[in-house]
>>> print(open('coords.cif').read())   # mmCIF, C-alpha atoms (C1' of nucleotides)
data_structure
#
loop_
_atom_site.label_atom_id
_atom_site.label_comp_id
_atom_site.auth_asym_id
_atom_site.auth_seq_id
_atom_site.Cartn_x
_atom_site.Cartn_y
_atom_site.Cartn_z
CA MET A 972 12.44 -0.51 -17.32
CA THR A 973 13.75 1.17 -20.43
CA SER A 974 10.95 0.42 -22.84
CA GLY A 975 7.34 1.11 -22.04
CA ALA A 976 6.59 -2.59 -21.65
CA GLN A 977 4.45 -3.60 -18.73
CA LYS A 978 3.44 -7.10 -17.74
CA ASN A 979 1.40 -7.35 -20.88
CA SER A 980 4.10 -6.80 -23.46
CA MET A 981 3.13 -10.05 -25.12
CA GLN A 982 -0.58 -9.36 -25.24
CA PRO A 983 -2.59 -8.04 -28.13
CA PRO A 984 -2.54 -4.31 -27.43
CA LEU A 985 -6.05 -3.66 -28.70
CA GLY A 986 -9.31 -2.63 -27.12
CA PHE A 987 -10.97 -6.00 -27.02
CA ALA A 988 -12.11 -6.31 -30.58
CA ARG A 989 -9.98 -6.35 -33.71
CA HIS A 990 -10.21 -3.26 -35.78
CA ASP A 991 -8.33 -1.28 -38.38
CA HIS A 992 -5.70 0.14 -36.14
CA ALA A 993 -3.86 2.38 -38.56
CA ALA A 994 -6.96 4.51 -38.93
CA CYS A 995 -7.15 5.08 -35.16
CA VAL A 996 -3.91 6.98 -35.14
CA SER A 997 -4.51 9.21 -38.13
CA ASP A 998 -8.16 9.79 -37.29
CA GLY A 999 -7.37 10.62 -33.70
CA LEU A 1000 -4.63 13.04 -34.61
CA ALA A 1001 -6.76 14.66 -37.28
CA ALA A 1002 -9.70 15.08 -34.93
CA ALA A 1003 -7.46 16.66 -32.31
CA GLU A 1004 -5.86 18.94 -34.85
CA THR A 1005 -9.22 20.13 -36.07
CA ARG A 1006 -10.70 20.72 -32.68
CA CYS A 1007 -7.63 22.56 -31.43
CA ALA A 1008 -7.77 24.86 -34.42
CA ASP A 1009 -11.46 25.51 -33.82
CA SER A 1010 -10.96 26.24 -30.14
CA SER A 1011 -7.67 28.10 -30.58
CA LEU A 1012 -5.76 25.59 -28.51
CA ARG A 1013 -2.11 25.03 -29.28
CA PHE A 1014 -1.53 21.53 -30.56
CA THR A 1015 2.23 21.66 -30.08
CA PRO A 1016 4.73 19.00 -31.11
CA VAL A 1017 5.04 17.42 -27.65
CA ARG A 1018 1.30 17.25 -27.21
CA ARG A 1019 0.88 15.81 -30.67
CA LYS A 1020 3.60 13.27 -30.05
CA VAL A 1021 2.12 12.12 -26.74
CA LEU A 1022 -1.29 11.69 -28.32
CA GLU A 1023 0.31 9.78 -31.17
CA ILE A 1024 2.03 7.46 -28.70
CA LEU A 1025 -1.20 6.80 -26.86
CA LEU A 1026 -3.08 6.17 -30.08
CA GLN A 1027 -0.42 3.83 -31.40
CA GLU A 1028 -0.17 1.82 -28.22
CA HIS A 1029 -3.89 1.69 -27.84
CA ARG A 1030 -3.78 0.73 -24.19
CA ALA A 1031 -3.07 2.43 -20.89
CA LEU A 1032 0.50 3.71 -20.59
CA GLY A 1033 2.22 5.00 -17.48
CA ALA A 1034 3.72 8.46 -17.57
CA TYR A 1035 7.24 7.07 -17.50
CA ALA A 1036 6.61 4.72 -20.39
CA ILE A 1037 5.49 7.73 -22.38
CA LEU A 1038 8.52 9.61 -21.19
CA ASP A 1039 10.81 6.91 -22.55
CA ARG A 1040 9.24 7.29 -25.95
CA LEU A 1041 9.57 11.03 -25.85
CA ARG A 1042 13.23 10.70 -25.04
CA GLU A 1043 13.75 8.43 -28.04
CA ASP A 1044 12.22 11.08 -30.24
CA GLY A 1045 14.39 13.86 -28.94
CA PHE A 1046 11.94 15.60 -26.67
CA GLY A 1047 12.65 16.58 -23.10
CA SER A 1048 12.87 13.57 -20.85
CA GLN A 1049 11.95 14.93 -17.45
CA PRO A 1050 8.62 13.99 -15.86
CA PRO A 1051 6.98 17.40 -16.13
CA VAL A 1052 7.25 17.30 -19.92
CA ALA A 1053 5.04 14.23 -20.07
CA TYR A 1054 2.72 15.32 -17.29
CA ARG A 1055 2.06 18.71 -18.81
CA ALA A 1056 1.21 17.23 -22.18
CA LEU A 1057 -1.00 14.65 -20.51
CA ASP A 1058 -2.76 17.32 -18.48
CA PHE A 1059 -3.55 19.15 -21.66
CA LEU A 1060 -4.85 16.06 -23.43
CA VAL A 1061 -6.94 14.97 -20.46
CA ASN A 1062 -8.37 18.42 -19.79
CA HIS A 1063 -9.53 18.76 -23.36
CA GLY A 1064 -10.88 15.25 -23.67
CA PHE A 1065 -8.29 13.80 -26.05
CA ALA A 1066 -7.14 11.28 -23.46
CA HIS A 1067 -8.28 9.84 -20.17
CA LYS A 1068 -6.56 8.88 -16.97
CA ILE A 1069 -7.21 5.38 -15.68
CA GLU A 1070 -7.09 5.88 -11.91
CA ARG A 1071 -6.94 2.19 -11.20
CA LEU A 1072 -3.67 1.89 -13.12
CA ASN A 1073 -2.23 5.37 -12.69
CA ALA A 1074 -1.97 5.37 -16.44
CA PHE A 1075 -3.31 7.16 -19.49
CA ILE A 1076 -5.15 6.14 -22.65
CA ALA A 1077 -6.23 7.93 -25.80
CA CYS A 1078 -9.90 8.76 -25.96
CA ALA A 1079 -11.85 6.38 -28.16
CA HIS A 1080 -14.51 8.94 -29.07
CA PRO A 1081 -12.52 12.09 -29.66
CA ASP A 1082 -15.41 14.18 -30.85
CA GLU A 1083 -18.58 13.58 -28.90
CA ALA A 1084 -18.77 15.08 -25.44
CA HIS A 1085 -18.93 12.20 -23.05
CA ALA A 1086 -18.64 10.84 -19.54
CA PRO A 1087 -16.62 7.71 -20.18
CA SER A 1088 -16.41 4.50 -18.22
CA PHE A 1089 -13.77 1.82 -18.62
CA MET A 1090 -13.32 -1.91 -18.58
CA ILE A 1091 -9.87 -2.96 -17.43
CA CYS A 1092 -8.58 -6.51 -17.85
CA ARG A 1093 -6.72 -7.55 -14.72
CA MET A 1094 -4.69 -10.09 -16.67
CA CYS A 1095 -3.36 -8.09 -19.62
CA ASP A 1096 -4.19 -4.52 -18.55
CA SER A 1097 -5.97 -3.80 -21.81
CA VAL A 1098 -8.65 -1.15 -21.54
CA ALA A 1099 -11.89 -0.55 -23.41
CA GLU A 1100 -13.92 2.63 -23.21
CA ALA A 1101 -17.69 2.63 -22.97
CA GLN A 1102 -20.13 5.49 -23.14
CA SER A 1103 -21.54 5.88 -19.69
CA ALA A 1104 -25.19 6.83 -19.60
CA PRO A 1105 -26.07 9.82 -17.45
CA ASN A 1106 -26.38 8.08 -14.11
CA ARG A 1107 -29.77 8.03 -12.52
CA SER A 1108 -28.25 5.77 -9.91
CA ALA A 1109 -28.18 5.17 -6.21
CA LEU A 1110 -25.15 7.43 -6.17
CA SER A 1111 -26.87 10.52 -7.50
CA ASP A 1112 -29.72 9.92 -5.08
CA ALA A 1113 -27.25 9.72 -2.20
CA ALA A 1114 -25.59 12.90 -3.44
CA LYS A 1115 -28.88 14.73 -3.54
CA ALA A 1116 -29.77 13.50 -0.08
CA THR A 1117 -26.53 14.66 1.54
CA GLY A 1118 -26.16 17.88 -0.45
CA PHE A 1119 -23.04 16.77 -2.27
CA ARG A 1120 -22.54 18.41 -5.69
CA ILE A 1121 -21.11 15.92 -8.18
CA GLU A 1122 -18.88 17.43 -10.84
CA ARG A 1123 -17.25 14.38 -12.36
CA THR A 1124 -17.60 10.63 -11.91
CA VAL A 1125 -14.99 7.97 -12.46
CA VAL A 1126 -16.32 4.54 -13.40
CA GLU A 1127 -13.81 1.76 -13.85
CA ALA A 1128 -14.75 -1.90 -14.05
CA GLU A 1129 -12.09 -4.50 -13.40
CA GLY A 1130 -12.43 -7.99 -14.77
CA VAL A 1131 -11.28 -10.30 -17.54
CA CYS A 1132 -11.36 -9.48 -21.22
CA PRO A 1133 -12.61 -12.01 -23.79
CA SER A 1134 -9.18 -12.97 -25.03
CA CYS A 1135 -7.76 -13.60 -21.55
CA ALA A 1136 -10.90 -15.52 -20.58
CA ASP A 1137 -10.17 -17.89 -23.47
CA LYS A 1138 -6.64 -18.45 -22.27
CA GLU A 1139 -7.42 -19.21 -18.65
CA ASP A 1140 -10.25 -21.62 -19.46
CA PRO A 1141 -9.31 -23.58 -22.56
CA MET U 133 5.03 14.84 6.14
CA THR U 134 5.30 13.41 9.62
CA SER U 135 1.70 13.45 10.76
CA GLY U 136 -1.10 12.05 8.70
CA ALA U 137 -2.36 15.50 7.89
CA GLN U 138 -3.15 16.29 4.32
CA LYS U 139 -4.40 19.57 2.95
CA ASN U 140 -7.55 19.09 4.98
CA SER U 141 -6.04 19.03 8.43
CA MET U 142 -8.33 21.85 9.45
CA GLN U 143 -11.51 20.31 8.07
CA PRO U 144 -14.10 18.32 9.93
CA PRO U 145 -12.84 14.80 9.43
CA LEU U 146 -16.26 13.24 9.18
CA GLY U 147 -18.30 11.68 6.43
CA PHE U 148 -20.47 14.63 5.68
CA ALA U 149 -22.93 14.33 8.50
CA ARG U 150 -22.28 14.49 12.23
CA HIS U 151 -22.58 11.21 14.03
CA ASP U 152 -21.49 9.43 17.19
CA HIS U 153 -17.93 8.83 16.25
CA ALA U 154 -16.75 6.77 19.21
CA ALA U 155 -19.12 4.00 18.26
CA CYS U 156 -17.63 3.79 14.76
CA VAL U 157 -14.31 2.61 16.06
CA SER U 158 -15.50 0.02 18.53
CA ASP U 159 -18.28 -1.24 16.27
CA GLY U 160 -15.96 -1.50 13.31
CA LEU U 161 -13.32 -3.36 15.25
CA ALA U 162 -15.89 -5.67 16.80
CA ALA U 163 -17.46 -6.47 13.45
CA ALA U 164 -14.08 -7.25 11.95
CA GLU U 165 -13.12 -9.39 14.90
CA THR U 166 -16.31 -11.38 14.64
CA ARG U 167 -16.16 -11.91 10.91
CA CYS U 168 -12.50 -12.91 11.00
CA ALA U 169 -13.26 -15.50 13.65
CA ASP U 170 -16.14 -16.84 11.59
CA SER U 171 -14.09 -17.05 8.42
CA SER U 172 -10.90 -18.21 10.14
CA LEU U 173 -8.99 -15.14 9.05
CA ARG U 174 -6.17 -13.91 11.21
CA PHE U 175 -6.96 -10.52 12.68
CA THR U 176 -3.38 -9.84 13.75
CA PRO U 177 -2.15 -6.84 15.76
CA VAL U 178 -0.91 -4.91 12.73
CA ARG U 179 -4.13 -5.45 10.84
CA ARG U 180 -6.17 -4.50 13.85
CA LYS U 181 -4.11 -1.39 14.42
CA VAL U 182 -4.42 -0.26 10.81
CA LEU U 183 -8.17 -0.72 10.87
CA GLU U 184 -8.31 1.17 14.14
CA ILE U 185 -6.36 4.05 12.62
CA LEU U 186 -8.67 4.20 9.63
CA LEU U 187 -11.76 4.09 11.83
CA GLN U 188 -10.46 6.79 14.12
CA GLU U 189 -9.47 9.12 11.35
CA HIS U 190 -12.67 8.52 9.46
CA ARG U 191 -11.36 9.81 6.21
CA ALA U 192 -9.03 8.68 3.46
CA LEU U 193 -5.46 8.21 4.64
CA GLY U 194 -2.41 7.61 2.48
CA ALA U 195 -0.33 4.52 3.16
CA TYR U 196 2.54 6.60 4.49
CA ALA U 197 0.33 8.49 6.90
CA ILE U 198 -0.75 5.14 8.27
CA LEU U 199 2.84 4.06 8.38
CA ASP U 200 3.73 7.04 10.56
CA ARG U 201 1.08 5.99 13.05
CA LEU U 202 2.30 2.41 13.04
CA ARG U 203 5.79 3.58 13.80
CA GLU U 204 4.56 5.58 16.76
CA ASP U 205 2.97 2.45 18.12
CA GLY U 206 6.07 0.34 17.76
CA PHE U 207 5.15 -1.64 14.66
CA GLY U 208 7.41 -2.06 11.68
CA SER U 209 7.79 1.18 9.80
CA GLN U 210 8.61 0.06 6.29
CA PRO U 211 6.04 0.47 3.49
CA PRO U 212 5.28 -3.23 2.99
CA VAL U 213 4.03 -3.49 6.55
CA ALA U 214 1.28 -0.99 5.87
CA TYR U 215 0.54 -2.19 2.37
CA ARG U 216 0.13 -5.80 3.42
CA ALA U 217 -2.25 -4.92 6.21
CA LEU U 218 -4.18 -2.68 3.84
CA ASP U 219 -4.34 -5.43 1.22
CA PHE U 220 -5.85 -7.72 3.79
CA LEU U 221 -8.42 -5.19 4.92
CA VAL U 222 -9.38 -4.24 1.38
CA ASN U 223 -9.58 -7.83 0.14
CA HIS U 224 -11.93 -8.76 2.92
CA GLY U 225 -14.08 -5.69 2.72
CA PHE U 226 -13.03 -3.98 5.96
CA ALA U 227 -11.59 -1.04 4.09
CA HIS U 228 -11.65 0.47 0.62
CA LYS U 229 -9.07 2.07 -1.57
CA ILE U 230 -9.95 5.45 -3.01
CA GLU U 231 -8.19 5.29 -6.37
CA ARG U 232 -8.64 8.95 -7.04
CA LEU U 233 -6.61 9.84 -3.93
CA ASN U 234 -4.32 6.83 -3.68
CA ALA U 235 -5.62 6.50 -0.16
CA PHE U 236 -7.59 4.19 2.05
CA ILE U 237 -10.70 4.48 4.17
CA ALA U 238 -12.49 2.18 6.60
CA CYS U 239 -15.62 0.60 5.25
CA ALA U 240 -18.77 2.30 6.47
CA HIS U 241 -20.90 -0.83 6.24
CA PRO U 242 -18.64 -3.53 7.60
CA ASP U 243 -21.18 -6.29 7.51
CA GLU U 244 -23.39 -6.19 4.46
CA ALA U 245 -21.87 -7.39 1.23
CA HIS U 246 -21.73 -4.37 -1.01
CA ALA U 247 -20.41 -2.68 -4.11
CA PRO U 248 -19.57 0.73 -2.73
CA SER U 249 -19.33 4.04 -4.48
CA PHE U 250 -17.76 7.20 -3.11
CA MET U 251 -18.23 10.93 -3.07
CA ILE U 252 -14.95 12.80 -2.74
CA CYS U 253 -14.80 16.50 -1.94
CA ARG U 254 -12.14 18.15 -4.05
CA MET U 255 -11.72 20.94 -1.53
CA CYS U 256 -11.29 19.09 1.75
CA ASP U 257 -10.73 15.50 0.56
CA SER U 258 -13.44 14.16 2.82
CA VAL U 259 -15.06 11.00 1.56
CA ALA U 260 -18.56 9.55 1.98
CA GLU U 261 -19.53 6.03 1.05
CA ALA U 262 -22.80 5.22 -0.67
CA GLN U 263 -24.36 1.90 -1.40
CA SER U 264 -24.20 1.47 -5.14
CA ALA U 265 -27.19 -0.34 -6.58
CA PRO U 266 -26.43 -3.35 -8.75
CA ASN U 267 -25.70 -1.55 -11.98
CA ARG U 268 -28.04 -2.14 -14.81
CA SER U 269 -26.15 0.51 -16.68
CA ALA U 270 -24.72 1.26 -20.08
CA LEU U 271 -21.51 -0.21 -18.75
CA SER U 272 -22.87 -3.68 -18.05
CA ASP U 273 -24.53 -3.67 -21.45
CA ALA U 274 -21.24 -2.84 -23.08
CA ALA U 275 -19.54 -5.56 -21.08
CA LYS U 276 -22.10 -8.10 -22.18
CA ALA U 277 -21.75 -7.02 -25.79
CA THR U 278 -17.97 -7.36 -25.88
CA GLY U 279 -17.71 -10.46 -23.70
CA PHE U 280 -15.95 -8.69 -20.86
CA ARG U 281 -16.53 -10.28 -17.44
CA ILE U 282 -16.85 -7.61 -14.76
CA GLU U 283 -15.61 -8.65 -11.34
CA ARG U 284 -15.48 -5.36 -9.51
CA THR U 285 -16.45 -1.80 -10.31
CA VAL U 286 -14.94 1.36 -8.92
CA VAL U 287 -17.29 4.34 -8.78
CA GLU U 288 -15.89 7.59 -7.46
CA ALA U 289 -17.66 10.90 -7.79
CA GLU U 290 -15.64 14.08 -7.39
CA GLY U 291 -17.31 17.28 -6.36
CA VAL U 292 -17.97 19.58 -3.43
CA CYS U 293 -19.33 18.49 -0.09
CA PRO U 294 -22.06 20.48 1.67
CA SER U 295 -19.76 22.09 4.21
CA CYS U 296 -17.26 23.29 1.59
CA ALA U 297 -20.07 24.51 -0.63
CA ASP U 298 -21.18 26.76 2.25
CA LYS U 299 -17.71 28.21 2.58
CA GLU U 300 -17.13 29.06 -1.07
CA ASP U 301 -20.51 30.69 -1.54
CA PRO U 302 -21.43 32.55 1.67
"C1'" DG O 456 7.78 46.51 -36.93
"C1'" DC O 457 8.93 46.39 -31.81
"C1'" DC O 458 8.37 45.29 -27.29
"C1'" DC O 459 6.09 42.87 -23.82
"C1'" DT O 460 3.58 39.41 -21.84
"C1'" DC O 461 1.84 34.90 -21.72
"C1'" DC O 462 2.26 30.40 -22.45
"C1'" DA O 463 4.85 26.40 -23.35
"C1'" DT O 464 9.03 23.83 -22.88
"C1'" DG O 465 13.44 22.14 -20.64
"C1'" DT O 466 15.88 20.88 -16.49
"C1'" DG O 467 17.26 19.63 -11.69
"C1'" DA O 468 15.63 18.30 -7.42
"C1'" DT O 469 12.42 16.43 -4.33
"C1'" DT O 470 8.34 14.16 -2.42
"C1'" DG O 471 4.91 10.60 -2.45
"C1'" DT O 472 3.22 5.85 -3.75
"C1'" DA O 473 4.11 1.03 -4.38
"C1'" DT O 474 6.50 -3.38 -4.96
"C1'" DA O 475 10.52 -6.86 -5.29
"C1'" DA O 476 13.33 -9.78 -2.85
"C1'" DC O 477 14.95 -12.05 1.08
"C1'" DA O 478 15.40 -13.45 6.12
"C1'" DC O 479 13.07 -14.74 10.09
"C1'" DT O 480 9.15 -16.00 13.03
"C1'" DT O 481 4.73 -17.92 14.16
"C1'" DC O 482 0.84 -20.67 13.67
"C1'" DA O 483 -2.06 -24.64 12.20
"C1'" DC O 484 -1.99 -29.25 11.57
"C1'" DG O 485 -0.65 -33.92 10.86
"C1'" DC C 601 7.55 -32.54 17.58
"C1'" DG C 602 8.36 -31.29 12.38
"C1'" DT C 603 6.82 -29.35 8.37
"C1'" DG C 604 4.69 -26.04 5.38
"C1'" DA C 605 2.04 -21.94 4.79
"C1'" DA C 606 1.17 -17.46 6.18
"C1'" DG C 607 2.66 -13.23 8.50
"C1'" DT C 608 6.12 -9.86 9.75
"C1'" DG C 609 10.45 -7.08 9.41
"C1'" DT C 610 13.98 -4.91 6.55
"C1'" DT C 611 16.75 -3.32 2.51
"C1'" DA C 612 16.51 -1.55 -1.73
"C1'" DT C 613 14.43 0.16 -5.68
"C1'" DA C 614 10.92 1.30 -9.19
"C1'" DC C 615 7.25 4.17 -10.50
"C1'" DA C 616 4.12 8.47 -9.98
"C1'" DA C 617 3.73 13.31 -9.34
"C1'" DT C 618 5.03 17.98 -8.21
"C1'" DC C 619 8.02 22.21 -7.08
"C1'" DA C 620 10.97 25.74 -8.50
"C1'" DC C 621 13.41 28.08 -11.76
"C1'" DA C 622 15.41 29.20 -16.41
"C1'" DT C 623 14.67 29.68 -21.34
"C1'" DG C 624 12.34 30.62 -25.64
"C1'" DG C 625 8.81 31.41 -29.00
"C1'" DA C 626 3.96 33.11 -30.53
"C1'" DG C 627 0.79 36.82 -30.54
"C1'" DG C 628 -1.27 41.07 -29.18
"C1'" DG C 629 -1.06 46.16 -28.29
"C1'" DC C 630 1.09 50.10 -29.65
#
>>> encode(input="coords.cif", output="structure tokens")
Amino acid sequence: MTSGAQKNSMQPPLGFARHDHAACVSDGLAAAETRCADSSLRFTPVRRKVLEILLQEHRALGAYAILDRLREDGFGSQPPVAYRALDFLVNHGFAHKIERLNAFIACAHPDEAHAPSFMICRMCDSVAEAQSAPNRSALSDAAKATGFRIERTVVEAEGVCPSCADKEDP
Amino acid sequence: MTSGAQKNSMQPPLGFARHDHAACVSDGLAAAETRCADSSLRFTPVRRKVLEILLQEHRALGAYAILDRLREDGFGSQPPVAYRALDFLVNHGFAHKIERLNAFIACAHPDEAHAPSFMICRMCDSVAEAQSAPNRSALSDAAKATGFRIERTVVEAEGVCPSCADKEDP
DNA sequence: GCCCTCCATGTGATTGTATAACACTTCACG
DNA sequence: CGTGAAGTGTTATACAATCACATGGAGGGC
């Protein structure tokens, strides 16, 4: 695999809804730039480039797909280069890791603090991010009961996105 | 890594609470046996052995740790052998995959149909399974709004289990 | 300004996770 | 029986993640 294409290379690479995509990239980069300046974080070229790639693609990308793009743009092409940039972006909330896919996606709400949850289409691998309400759920009750201290919760729903549902059932 | 040990080889390999462990194994195997017979599924030696391993260990095991055990018992020792058995067990609800750890664990409630959620200790990697209430959450609202059809939801909470919390804060 | 330290990047090597592809066997069933 | 579907075994390879070490630049203390 030389390009970042996965099984969904022919699919619309969007969230689920159409939107003005060009703005995503510039807005996302601008937001990151601003917040890094405010928090004295270093928004270096590699980090910027990786975020740009994620914003452009607008779906979950594996680390090696990202790495291919970095190579094309003259950055280092060894895994740690990508992983370090991704660690930075994830730790500071500019991107998220999709555990189900072992892949990464740009955050859709770069500013607001949030505990995201995701909807992943099993047909085209597109991903949409939803704000996850603070969970007063069976889980937090169980945690309280057993004495487990929850620090972070991953919520990933797998299913079929609207556009793939149309295709399979015409 | 030749044994199945991960970084938690010295930890109590239990859920979080003490319990009569011997019963887990036999009960789990019996339940699987029964349900496979009822549903005309083939509970073959490899599948049985993998479930037995998971029940014995009673914590999340990586596919290659399982593979090591299979080899010791004279089964095929190539990755697909383990992955196929695990696919079977996961698809039919006898085991679950912990996405956060890329590992597998025997189901704690082999009979009841359920949408499980997990609590994962980041210090000792022990895992407890909780029954997750049918989610009337922000997520299902978002799904309804965008037309996404949810088929399965992964919920994994990361944090610190009671016994590790004791250790870090004496 | 100069040095020093910290942080980030680049690189090679290695380990862990997962699947593709193909050959062979076994089982259910007509 | 004979046939087809499902299961198993094996080779090879792709993808994910980390370790260890070398280099280089940005900033802070002096």
>>> resolve_selection(input="coords.cif", expression="the PyMOL selection byres ((chain A) within 10 of (chain U))", output="ChimeraX atom specification")
/A:986-988,1069-1073,1087-1093,1099-1114,1117-1136
>>> write_last_selection(input="coords.cif", atoms="C-alpha atoms", output="tab-separated table (two decimals), keeping the file's coordinate frame")
chain	number	residue	atom	x	y	z
A	986	GLY	CA	-9.31	-2.63	-27.12
A	987	PHE	CA	-10.97	-6.00	-27.02
A	988	ALA	CA	-12.11	-6.31	-30.58
A	1069	ILE	CA	-7.21	5.38	-15.68
A	1070	GLU	CA	-7.09	5.88	-11.91
A	1071	ARG	CA	-6.94	2.19	-11.20
A	1072	LEU	CA	-3.67	1.89	-13.12
A	1073	ASN	CA	-2.23	5.37	-12.69
A	1087	PRO	CA	-16.62	7.71	-20.18
A	1088	SER	CA	-16.41	4.50	-18.22
A	1089	PHE	CA	-13.77	1.82	-18.62
A	1090	MET	CA	-13.32	-1.91	-18.58
A	1091	ILE	CA	-9.87	-2.96	-17.43
A	1092	CYS	CA	-8.58	-6.51	-17.85
A	1093	ARG	CA	-6.72	-7.55	-14.72
A	1099	ALA	CA	-11.89	-0.55	-23.41
A	1100	GLU	CA	-13.92	2.63	-23.21
A	1101	ALA	CA	-17.69	2.63	-22.97
A	1102	GLN	CA	-20.13	5.49	-23.14
A	1103	SER	CA	-21.54	5.88	-19.69
A	1104	ALA	CA	-25.19	6.83	-19.60
A	1105	PRO	CA	-26.07	9.82	-17.45
A	1106	ASN	CA	-26.38	8.08	-14.11
A	1107	ARG	CA	-29.77	8.03	-12.52
A	1108	SER	CA	-28.25	5.77	-9.91
A	1109	ALA	CA	-28.18	5.17	-6.21
A	1110	LEU	CA	-25.15	7.43	-6.17
A	1111	SER	CA	-26.87	10.52	-7.50
A	1112	ASP	CA	-29.72	9.92	-5.08
A	1113	ALA	CA	-27.25	9.72	-2.20
A	1114	ALA	CA	-25.59	12.90	-3.44
A	1117	THR	CA	-26.53	14.66	1.54
A	1118	GLY	CA	-26.16	17.88	-0.45
A	1119	PHE	CA	-23.04	16.77	-2.27
A	1120	ARG	CA	-22.54	18.41	-5.69
A	1121	ILE	CA	-21.11	15.92	-8.18
A	1122	GLU	CA	-18.88	17.43	-10.84
A	1123	ARG	CA	-17.25	14.38	-12.36
A	1124	THR	CA	-17.60	10.63	-11.91
A	1125	VAL	CA	-14.99	7.97	-12.46
A	1126	VAL	CA	-16.32	4.54	-13.40
A	1127	GLU	CA	-13.81	1.76	-13.85
A	1128	ALA	CA	-14.75	-1.90	-14.05
A	1129	GLU	CA	-12.09	-4.50	-13.40
A	1130	GLY	CA	-12.43	-7.99	-14.77
A	1131	VAL	CA	-11.28	-10.30	-17.54
A	1132	CYS	CA	-11.36	-9.48	-21.22
A	1133	PRO	CA	-12.61	-12.01	-23.79
A	1134	SER	CA	-9.18	-12.97	-25.03
A	1135	CYS	CA	-7.76	-13.60	-21.55
A	1136	ALA	CA	-10.90	-15.52	-20.58
>>> resolve_selection(input="coords.cif", expression="the PyMOL selection byres ((chain U) within 8 of (chain C))", output="PyMOL selection string")
chain U and resi 208+210+213
>>> closest_atom_pairs(input="coords.cif", of="chain U", to="chain O", cutoff="10 Å", atoms="only C-alpha atoms (C1' of nucleotides)", output="Markdown table")
| residue | atom | partner | partner_atom | distance |
| --- | --- | --- | --- | --- |
| U:Met133 | CA | O:DT470 | C1' | 9.2 |
| U:Gly194 | CA | O:DT472 | C1' | 8.6 |
| U:Ala195 | CA | O:DT472 | C1' | 7.9 |
| U:Tyr196 | CA | O:DT472 | C1' | 8.3 |
| U:Pro211 | CA | O:DA473 | C1' | 8.1 |
| U:Pro212 | CA | O:DT474 | C1' | 8.0 |
| U:Tyr215 | CA | O:DA473 | C1' | 8.3 |
| U:Asn234 | CA | O:DT472 | C1' | 7.6 |
| U:Ala235 | CA | O:DT472 | C1' | 9.6 |
>>> atom_distance(input="coords.cif", atom1="CA of Phe1046 in chain A", atom2="CA of Ala994 in chain A")
25.1 Å
>>> resolve_selection(input="coords.cif", expression="the PyMOL selection byres ((chain A and resi 1081) around 10)", output="PDB file with C-alpha atoms, in the coordinates of the input")
ATOM      1  CA  ASP A 998      -8.160   9.790 -37.290  1.00  0.00           C
ATOM      2  CA  GLY A 999      -7.370  10.620 -33.700  1.00  0.00           C
ATOM      3  CA  LEU A1000      -4.630  13.040 -34.610  1.00  0.00           C
ATOM      4  CA  ALA A1001      -6.760  14.660 -37.280  1.00  0.00           C
ATOM      5  CA  ALA A1002      -9.700  15.080 -34.930  1.00  0.00           C
ATOM      6  CA  ALA A1003      -7.460  16.660 -32.310  1.00  0.00           C
ATOM      7  CA  ARG A1006     -10.700  20.720 -32.680  1.00  0.00           C
ATOM      8  CA  HIS A1063      -9.530  18.760 -23.360  1.00  0.00           C
ATOM      9  CA  GLY A1064     -10.880  15.250 -23.670  1.00  0.00           C
ATOM     10  CA  PHE A1065      -8.290  13.800 -26.050  1.00  0.00           C
ATOM     11  CA  ALA A1066      -7.140  11.280 -23.460  1.00  0.00           C
ATOM     12  CA  ALA A1077      -6.230   7.930 -25.800  1.00  0.00           C
ATOM     13  CA  CYS A1078      -9.900   8.760 -25.960  1.00  0.00           C
ATOM     14  CA  ALA A1079     -11.850   6.380 -28.160  1.00  0.00           C
ATOM     15  CA  HIS A1080     -14.510   8.940 -29.070  1.00  0.00           C
ATOM     16  CA  ASP A1082     -15.410  14.180 -30.850  1.00  0.00           C
ATOM     17  CA  GLU A1083     -18.580  13.580 -28.900  1.00  0.00           C
ATOM     18  CA  ALA A1084     -18.770  15.080 -25.440  1.00  0.00           C
ATOM     19  CA  HIS A1085     -18.930  12.200 -23.050  1.00  0.00           C
TER      20      HIS A1085
END
>>> residues_near_point(input="coords.cif", point="(5.4, 18.9, -32.9)", cutoff="12 Å", atoms="only C-alpha atoms (C1' of nucleotides)", output="PyMOL selection string")
(chain A and resi 1000+1004+1013-1023+1041+1044-1046+1056) or (chain O and resi 464)
>>> atom_distance(input="coords.cif", atom1="CA of Ile1024 in chain A", atom2="CA of Lys276 in chain U")
29.4 Å
>>> atom_distance(input="coords.cif", atom1="CA of Met1094 in chain A", atom2="CA of Leu1032 in chain A")
15.3 Å
